[in-house]
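Before any comments, here is the structure.
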Amino acid sequence: MTTSHSLQSKKIRIAGIISLLGNLLLAVIKLYLAKKANSIAVLGDGLDSASDVLIALVTLIISFIIEIPGDTEHPWGHYRAETTATMLLSFIIFLAGSQLCISSAKEIILFFLNKSNSLKNTGSFFAILAALISICGKSVLAIILHYYGKISKSEIIKANALNMKSDILLSFGILLGLSAEKIFNIPLIDPAVAFLVGLWITKNAVELFLDLNRELMDGNKDKALYKKLFNAAVSVPGVTNPHGARIRKLANLYAIDLDIEVNPTLTVYEAHEKAEEVEEAIRSAIPDIYNIMIHIEPWGSDAHQRKEEFGLSPDKIDEI
């Protein structure tokens with residue numbers, strides 16, 4: 001464990017604590033006010049903050065796990081614990097959002113089937129207050145988490161910061177819905193808004209799952225990252241045709257495989273020195289490196305080798 005990575009883990013931990021305490025406070029306040037206002041929409045907003053508490057808790061736990069050095073069973077270290085745990089959270093968030101959709105849809109259907117005023121007007125002071133508190137609280141958390149996500153370069157913190165920004169819009173939408181309900185005295189607005197909140201939560205869960213699934217499958221869609229890799233390789237004199245590039249993500253670090261071609265008359269020692277120069281150039285261009293594997297080939301070796309079915313070359317970047 002390097003000093004740099006240890007500092008990043010501490011930053012992730014600080015962000016996790018701030019997110020945990022902030023969202024826990026917001027969740028308690030919104031769930032209490034949802035009960036006082038008898039509002040399904042505010043209840044959904046409270047559940048969304050409760051899911052953020054889970055994310056923050058996982059972030060804290062992960063900050064300790066990723067510091068565990070690699071061993072015989074985990075030679076790549078324990079960095080993927082962040083991805084695995086966050087993927088599990090995406091399922092929990094999806095279930096919470098789905099349950100909210102089902103509950104609110106049930107209220108709407110029963111309202112129309114019974115043709116009665118069984119739904120109460122929830123556009124009360126308590127419900128509107130909950131939305132206002134949520135907007136203010138989420139705004140503060142979004143600013144703080146954006147800062148820590150930037151300095152720690154942690155995907156889970158960055159994703160959490162974006163989630164806070166989305167929650168601001170969500171709470172603002174709830175505020176508009178509750179205000180409209182109070183003005184026009186239409187109690188059906190509350191379960192309708194709650195249904196939309198549920199859809200919002202499930203959408204975020206699905207998007208989070210898809211992003212994490214790409215990472216678990218060692219996928220990477222960052223064109224700029226591959227361009228930095230290839231530019232760094234060819235910046236070394238005597239190195240040409242970088243290809244077979246594969247970049248996988250381990251927490252906030254990158255593991256890179258790359259094939260390069262050098263003069264076939266070089267000795268093994270000289271070719272190794274070229275590979276070392278390429279590695280240094282890559283580390284300068286992409287600081288967050290966990291491991292680099294350089295495979296050396298002689299110039300013009302393509303015609304004598306079987307066609308490779310893996311990795312990227314500079315002419316394939318736009319296909320990502």
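Order determines the names: the first chain of the structure tokens is A, the second B, and so forth; residues in each chain are numbered 1 upward, and ligands are numbered 1 upward as they are shown.
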key: For segment 128-143 of chain A: contacts at 10 Å, only C-alpha atoms, fewer than 5 positions along chain excluded, given as an MDAnalysis selection string   = chainID A and resid 15 18:19 22:23 25:27 29:34 37 41:43 45:46 49 122:123 148:149 158 160:179 182
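Counting from atom CA of Thr265 of chain A, the distance to atom CA of Gly244 of chain A is 22.4 Å.
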request  = Write out as a list in words each polymer residue whose atoms come within 6 Å of Arg248 of chain A, counting only C-alpha atoms; drop sequence neighbours fewer than 4 positions from it.
outcome  = Asp218, Tyr254 and Ala255 of chain A
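Within the 7 Å cut-off around segment 223-232 of chain A, using only C-alpha atoms and omitting residues fewer than 6 positions from it on the same chain, the listed residues are Pro242, Val278, Ala281, Ile282, Ala285, Pro314 and Ile317 of chain A.
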